[in-house]
>>> print(open('coords.cif').read())   # mmCIF, C-alpha atoms
data_structure
#
loop_
_atom_site.label_atom_id
_atom_site.label_comp_id
_atom_site.auth_asym_id
_atom_site.auth_seq_id
_atom_site.Cartn_x
_atom_site.Cartn_y
_atom_site.Cartn_z
CA ASP J 180 10.44 -16.44 -14.14
CA GLN J 181 7.63 -17.95 -12.08
CA GLN J 182 8.42 -21.42 -10.83
CA VAL J 183 4.86 -22.06 -9.65
CA LYS J 184 2.07 -21.09 -12.01
CA GLN J 185 -1.64 -20.93 -11.54
CA ASN J 186 -2.82 -20.06 -15.01
CA SER J 187 -6.49 -19.62 -14.18
CA PRO J 188 -7.01 -16.42 -12.20
CA SER J 189 -10.63 -17.32 -11.50
CA LEU J 190 -13.07 -20.21 -11.51
CA SER J 191 -16.82 -20.28 -11.07
CA VAL J 192 -18.58 -23.49 -10.03
CA GLN J 193 -22.13 -24.36 -9.05
CA GLU J 194 -22.75 -25.61 -5.53
CA GLY J 195 -22.60 -29.39 -5.30
CA ARG J 196 -20.36 -29.77 -8.33
CA ILE J 197 -16.63 -30.47 -8.41
CA SER J 198 -14.10 -27.64 -8.34
CA ILE J 199 -10.73 -28.36 -9.92
CA LEU J 200 -7.91 -25.91 -9.35
CA ASN J 201 -4.68 -26.43 -11.26
CA CYS J 202 -1.06 -25.63 -10.61
CA ASP J 203 2.05 -26.17 -12.74
CA TYR J 204 5.66 -25.99 -11.63
CA THR J 205 8.98 -25.91 -13.36
CA ASN J 206 11.55 -26.78 -10.69
CA SER J 207 12.25 -30.52 -10.48
CA MET J 208 13.75 -29.99 -7.02
CA PHE J 209 10.35 -29.29 -5.52
CA ASP J 210 9.46 -32.20 -3.26
CA TYR J 211 6.58 -30.90 -1.17
CA PHE J 212 3.46 -29.09 -2.27
CA LEU J 213 0.82 -27.23 -0.29
CA TRP J 214 -2.47 -25.52 -0.94
CA TYR J 215 -3.53 -22.46 1.04
CA LYS J 216 -6.93 -20.82 1.10
CA LYS J 217 -7.46 -17.11 1.61
CA TYR J 218 -10.66 -15.27 2.45
CA PRO J 219 -10.87 -11.48 1.96
CA ALA J 220 -9.30 -9.49 4.80
CA GLU J 221 -7.70 -12.63 6.23
CA GLY J 222 -4.32 -14.26 5.84
CA PRO J 223 -3.90 -17.55 3.94
CA THR J 224 -4.65 -20.71 5.89
CA PHE J 225 -3.18 -24.12 5.23
CA LEU J 226 -5.56 -26.50 3.49
CA ILE J 227 -3.82 -29.67 2.33
CA SER J 228 -0.38 -30.86 1.28
CA ILE J 229 1.32 -33.67 -0.59
CA SER J 230 4.81 -35.09 -0.65
CA SER J 231 6.46 -35.90 -3.96
CA ILE J 232 6.57 -39.59 -3.00
CA LYS J 233 2.78 -39.70 -3.26
CA ASP J 234 0.41 -39.02 -6.13
CA LYS J 235 -2.74 -38.41 -4.13
CA ASN J 236 -3.73 -37.10 -0.72
CA GLU J 237 -7.29 -36.86 0.47
CA ASP J 238 -8.83 -34.95 3.37
CA GLY J 239 -12.59 -34.93 3.47
CA ARG J 240 -13.93 -33.00 0.49
CA PHE J 241 -10.43 -31.98 -0.58
CA THR J 242 -8.08 -34.12 -2.67
CA VAL J 243 -4.75 -33.11 -4.10
CA PHE J 244 -3.31 -34.99 -7.07
CA LEU J 245 0.34 -34.82 -8.11
CA ASN J 246 1.63 -35.75 -11.56
CA LYS J 247 5.40 -35.51 -11.28
CA SER J 248 6.12 -36.34 -14.91
CA ALA J 249 3.90 -33.46 -16.02
CA LYS J 250 4.99 -31.23 -13.11
CA HIS J 251 1.35 -30.62 -12.41
CA LEU J 252 -0.83 -30.75 -9.36
CA SER J 253 -4.50 -30.16 -8.88
CA LEU J 254 -6.88 -29.58 -6.01
CA HIS J 255 -10.31 -31.18 -6.23
CA ILE J 256 -13.14 -30.00 -4.03
CA VAL J 257 -16.25 -32.15 -4.09
CA PRO J 258 -18.97 -31.31 -3.43
CA SER J 259 -18.26 -27.58 -3.68
CA GLN J 260 -19.97 -25.33 -1.14
CA PRO J 261 -20.53 -21.55 -1.14
CA GLY J 262 -18.20 -21.31 1.88
CA ASP J 263 -15.39 -22.59 -0.34
CA SER J 264 -15.44 -19.28 -2.24
CA ALA J 265 -11.95 -17.88 -1.66
CA VAL J 266 -8.57 -17.46 -3.32
CA TYR J 267 -6.53 -20.67 -3.44
CA PHE J 268 -2.74 -20.54 -3.52
CA CYS J 269 -0.53 -23.38 -4.63
CA ALA J 270 2.93 -23.49 -3.03
CA ALA J 271 5.98 -25.67 -3.48
CA ARG J 272 9.08 -26.27 -1.41
CA SER J 273 12.49 -27.13 -2.78
CA TYR J 274 14.39 -29.75 -0.81
CA ASN J 275 17.70 -27.97 -1.29
CA THR J 276 16.63 -24.48 -0.20
CA ASP J 277 13.62 -25.01 2.09
CA LYS J 278 12.07 -21.97 0.41
CA LEU J 279 8.31 -21.98 -0.11
CA ILE J 280 7.39 -20.62 -3.55
CA PHE J 281 3.81 -19.49 -4.10
CA GLY J 282 1.66 -19.19 -7.19
CA THR J 283 -0.44 -16.13 -7.96
CA GLY J 284 -3.67 -17.73 -6.77
CA THR J 285 -7.00 -18.74 -8.27
CA ARG J 286 -10.20 -17.08 -7.12
CA LEU J 287 -12.94 -19.69 -6.71
CA GLN J 288 -16.56 -18.65 -6.61
CA VAL J 289 -19.16 -21.27 -5.71
CA PHE J 290 -22.67 -20.10 -6.53
CA PRO J 291 -25.96 -21.63 -5.33
CA GLU P 881 -8.11 -17.10 14.44
CA THR P 882 -4.70 -18.42 13.40
CA GLY P 883 -2.77 -17.36 16.49
CA VAL P 884 -0.83 -14.73 14.52
CA THR P 885 -1.92 -11.13 15.04
CA GLN P 886 -0.85 -8.21 12.89
CA THR P 887 -1.35 -4.50 13.50
CA PRO P 888 -2.35 -2.20 12.02
CA ARG P 889 -4.77 -3.76 9.53
CA HIS P 890 -4.53 -0.75 7.24
CA LEU P 891 -1.84 1.91 6.90
CA VAL P 892 -1.56 4.95 4.66
CA MET P 893 1.74 6.76 4.70
CA GLY P 894 3.62 9.39 2.77
CA MET P 895 7.00 8.72 1.22
CA THR P 896 8.80 10.65 3.96
CA ASN P 897 7.05 8.97 6.87
CA LYS P 898 8.44 6.34 9.23
CA LYS P 899 6.09 3.65 10.42
CA SER P 900 6.28 0.14 11.83
CA LEU P 901 4.25 -3.00 11.29
CA LYS P 902 3.83 -5.32 14.23
CA CYS P 903 3.29 -9.07 14.37
CA GLU P 904 2.73 -11.27 17.40
CA GLN P 905 2.32 -15.04 17.47
CA HIS P 906 0.79 -17.01 20.32
CA LEU P 907 1.67 -20.46 19.00
CA GLY P 908 5.06 -21.03 20.60
CA HIS P 909 6.68 -21.18 17.17
CA ASN P 910 10.38 -20.69 16.60
CA ALA P 911 10.34 -19.14 13.13
CA MET P 912 8.69 -15.96 11.87
CA TYR P 913 8.44 -14.52 8.39
CA TRP P 914 7.52 -11.37 6.49
CA TYR P 915 5.86 -11.82 3.09
CA LYS P 916 4.75 -9.20 0.57
CA GLN P 917 1.73 -9.68 -1.67
CA SER P 918 1.37 -7.24 -4.55
CA ALA P 919 -1.62 -7.27 -6.85
CA LYS P 920 -1.58 -10.19 -9.30
CA LYS P 921 1.83 -11.37 -8.07
CA PRO P 922 2.81 -14.38 -5.97
CA LEU P 923 3.55 -13.99 -2.30
CA GLU P 924 7.18 -12.91 -2.01
CA LEU P 925 9.29 -13.91 0.95
CA MET P 926 11.07 -10.90 2.45
CA PHE P 927 12.66 -12.00 5.72
CA VAL P 928 12.95 -15.11 7.85
CA TYR P 929 13.82 -15.23 11.53
CA SER P 930 14.60 -18.48 13.29
CA LEU P 931 15.07 -18.39 17.06
CA GLU P 932 15.25 -14.59 16.86
CA GLU P 933 18.12 -14.61 14.36
CA ARG P 934 17.66 -13.45 10.79
CA VAL P 935 18.36 -16.41 8.53
CA GLU P 936 17.21 -14.99 5.25
CA ASN P 937 16.95 -11.63 3.57
CA ASN P 938 15.61 -11.91 0.04
CA SER P 939 17.32 -8.89 -1.52
CA VAL P 940 14.90 -6.54 0.14
CA PRO P 941 15.66 -2.79 -0.11
CA SER P 942 17.07 -1.22 3.03
CA ARG P 943 14.01 1.00 3.42
CA PHE P 944 12.47 -2.14 4.96
CA SER P 945 14.10 -3.02 8.28
CA PRO P 946 12.96 -6.06 10.29
CA GLU P 947 13.35 -6.54 14.01
CA CYS P 948 12.73 -9.65 16.08
CA PRO P 949 13.15 -8.83 19.79
CA ASN P 950 11.91 -12.26 20.92
CA SER P 951 10.40 -15.41 19.46
CA SER P 952 6.84 -14.08 19.75
CA HIS P 953 7.24 -10.64 18.18
CA LEU P 954 8.31 -9.41 14.78
CA PHE P 955 8.40 -5.87 13.47
CA LEU P 956 8.89 -4.36 10.04
CA HIS P 957 10.15 -0.79 10.19
CA LEU P 958 9.36 1.30 7.15
CA HIS P 959 11.00 4.54 6.03
CA THR P 960 11.13 6.57 2.82
CA LEU P 961 8.95 4.07 0.99
CA GLN P 962 7.94 4.36 -2.65
CA PRO P 963 4.42 4.10 -4.12
CA GLU P 964 5.36 0.71 -5.62
CA ASP P 965 5.80 -0.59 -2.08
CA SER P 966 2.04 -0.44 -1.66
CA ALA P 967 0.96 -4.02 -1.01
CA LEU P 968 -0.40 -6.45 1.56
CA TYR P 969 2.29 -7.34 4.07
CA LEU P 970 1.79 -10.70 5.71
CA CYS P 971 3.46 -12.06 8.78
CA ALA P 972 3.69 -15.82 9.29
CA SER P 973 5.12 -18.25 11.78
CA SER P 974 6.04 -21.92 11.80
CA GLN P 975 7.24 -24.37 14.41
CA ASP P 976 10.71 -24.43 12.91
CA HIS P 977 12.29 -22.98 9.79
CA SER P 978 13.69 -26.13 8.30
CA GLY P 979 11.91 -29.22 7.08
CA ALA P 980 9.62 -29.86 4.17
CA ALA P 981 6.59 -30.45 6.36
CA GLU P 982 6.61 -27.04 7.98
CA LYS P 983 3.29 -25.29 7.62
CA LEU P 984 3.01 -21.56 7.80
CA PHE P 985 0.42 -19.84 9.94
CA PHE P 986 -0.38 -16.39 8.57
CA GLY P 987 -1.71 -13.24 10.14
CA SER P 988 -4.43 -11.20 8.46
CA GLY P 989 -1.93 -8.79 6.98
CA THR P 990 -1.41 -5.05 6.86
CA GLN P 991 -2.70 -3.35 3.73
CA LEU P 992 -0.17 -0.61 3.08
CA SER P 993 -0.71 2.36 0.78
CA VAL P 994 2.19 4.70 0.06
CA LEU P 995 1.18 8.08 -1.32
#
>>> encode(input="coords.cif", output="structure tokens")
Amino acid sequence: DQQVKQNSPSLSVQEGRISILNCDYTNSMFDYFLWYKKYPAEGPTFLISISSIKDKNEDGRFTVFLNKSAKHLSLHIVPSQPGDSAVYFCAARSYNTDKLIFGTGTRLQVFP
Amino acid sequence: ETGVTQTPRHLVMGMTNKKSLKCEQHLGHNAMYWYKQSAKKPLELMFVYSLEERVENNSVPSRFSPECPNSSHLFLHLHTLQPEDSALYLCASSQDHSGAAEKLFFGSGTQLSVL
């Protein structure tokens, strides 16, 4: 059973618009969440994170929102750029195991 | 460039072959990891090494054998693999193994095909 779910395998957004990538989790022991970005033929790279004591974290064009009651987090990219086209992985860490659990990823395509 | 280098980038092997994947990190990190990414599946943690000692083995079949000779190098020895083992194998490192704030730095991966 997947504890971290990214239900949209792909997303297509026009350049300049907002991209919203969603992630749902089931384990209430998760207390730290991360987003990784992966280009083809490269490994994932860390993008942004959020602790469960916060509901929002912003870094430039990237903002992560956490809704603990809904066990949902989202990554907002605004404005979207063609260079943002990649696969985005949501990951969550449980405070009692230190294990990092990944979702299956969402492929974002930003077109001109 | 993430500071984590994996070789080879691509590997094709038969089920009776023995091969090894290599990972090297230049970040001075204390923890190293092997992950497996199969098509349309989440990244799966295989092994964790902290200060050159294996701290986690996620029920990985014995046909996968890790080795960590020092804090900068990590190997994954492969023998008698099955076609379902075909996947992208990713190496990662982090400053330490414990702590919620630890970020992983990944290599580019080895795309493995087992025929």
>>> resolve_selection(input="coords.cif", expression="the PyMOL selection byres ((chain J) within 10 of (chain P))", output="tab-separated table (two decimals) with C-alpha atoms, in the coordinates of the input")
chain	number	residue	atom	x	y	z
J	181	GLN	CA	7.63	-17.95	-12.08
J	183	VAL	CA	4.86	-22.06	-9.65
J	184	LYS	CA	2.07	-21.09	-12.01
J	185	GLN	CA	-1.64	-20.93	-11.54
J	188	PRO	CA	-7.01	-16.42	-12.20
J	209	PHE	CA	10.35	-29.29	-5.52
J	210	ASP	CA	9.46	-32.20	-3.26
J	211	TYR	CA	6.58	-30.90	-1.17
J	212	PHE	CA	3.46	-29.09	-2.27
J	213	LEU	CA	0.82	-27.23	-0.29
J	215	TYR	CA	-3.53	-22.46	1.04
J	217	LYS	CA	-7.46	-17.11	1.61
J	218	TYR	CA	-10.66	-15.27	2.45
J	219	PRO	CA	-10.87	-11.48	1.96
J	220	ALA	CA	-9.30	-9.49	4.80
J	221	GLU	CA	-7.70	-12.63	6.23
J	222	GLY	CA	-4.32	-14.26	5.84
J	223	PRO	CA	-3.90	-17.55	3.94
J	224	THR	CA	-4.65	-20.71	5.89
J	225	PHE	CA	-3.18	-24.12	5.23
J	226	LEU	CA	-5.56	-26.50	3.49
J	227	ILE	CA	-3.82	-29.67	2.33
J	228	SER	CA	-0.38	-30.86	1.28
J	229	ILE	CA	1.32	-33.67	-0.59
J	230	SER	CA	4.81	-35.09	-0.65
J	268	PHE	CA	-2.74	-20.54	-3.52
J	269	CYS	CA	-0.53	-23.38	-4.63
J	270	ALA	CA	2.93	-23.49	-3.03
J	271	ALA	CA	5.98	-25.67	-3.48
J	272	ARG	CA	9.08	-26.27	-1.41
J	273	SER	CA	12.49	-27.13	-2.78
J	274	TYR	CA	14.39	-29.75	-0.81
J	275	ASN	CA	17.70	-27.97	-1.29
J	276	THR	CA	16.63	-24.48	-0.20
J	277	ASP	CA	13.62	-25.01	2.09
J	278	LYS	CA	12.07	-21.97	0.41
J	279	LEU	CA	8.31	-21.98	-0.11
J	280	ILE	CA	7.39	-20.62	-3.55
J	281	PHE	CA	3.81	-19.49	-4.10
J	282	GLY	CA	1.66	-19.19	-7.19
J	283	THR	CA	-0.44	-16.13	-7.96
J	284	GLY	CA	-3.67	-17.73	-6.77
>>> atom_distance(input="coords.cif", atom1="CA of Val192 in chain J", atom2="CA of Arg286 in chain J")
10.9 Å
>>> resolve_selection(input="coords.cif", expression="the PyMOL selection byres ((chain J and resi 244) around 9)", output="list in words")
Ile229, Lys233, Asp234, Lys235, Asn236, Glu237, Thr242, Val243, Leu245, Asn246, His251, Leu252, Ser253, Leu254 and His255 of chain J
>>> atom_distance(input="coords.cif", atom1="CA of Lys916 in chain P", atom2="CA of Trp214 in chain J")
17.9 Å
>>> closest_residue(input="coords.cif", among="J:Val257, J:Cys202, J:Arg240, J:Ala249", to="Ser187 in chain J", atoms="only C-alpha atoms")
J:Cys202
>>> resolve_selection(input="coords.cif", expression="the PyMOL selection byres ((chain P and resi 905) around 7)", output="CSV table (one decimal) with C-alpha atoms, keeping the file's coordinate frame")
chain,number,residue,atom,x,y,z
P,883,GLY,CA,-2.8,-17.4,16.5
P,884,VAL,CA,-0.8,-14.7,14.5
P,885,THR,CA,-1.9,-11.1,15.0
P,903,CYS,CA,3.3,-9.1,14.4
P,904,GLU,CA,2.7,-11.3,17.4
P,906,HIS,CA,0.8,-17.0,20.3
P,907,LEU,CA,1.7,-20.5,19.0
P,952,SER,CA,6.8,-14.1,19.8
P,953,HIS,CA,7.2,-10.6,18.2
>>> atom_distance(input="coords.cif", atom1="CA of Val892 in chain P", atom2="CA of Asn937 in chain P")
24.9 Å
>>> closest_residue(input="coords.cif", among="P:Met912, P:Leu956, P:Leu992, P:Met895", to="Val940 in chain P", atoms="only C-alpha atoms")
P:Leu956
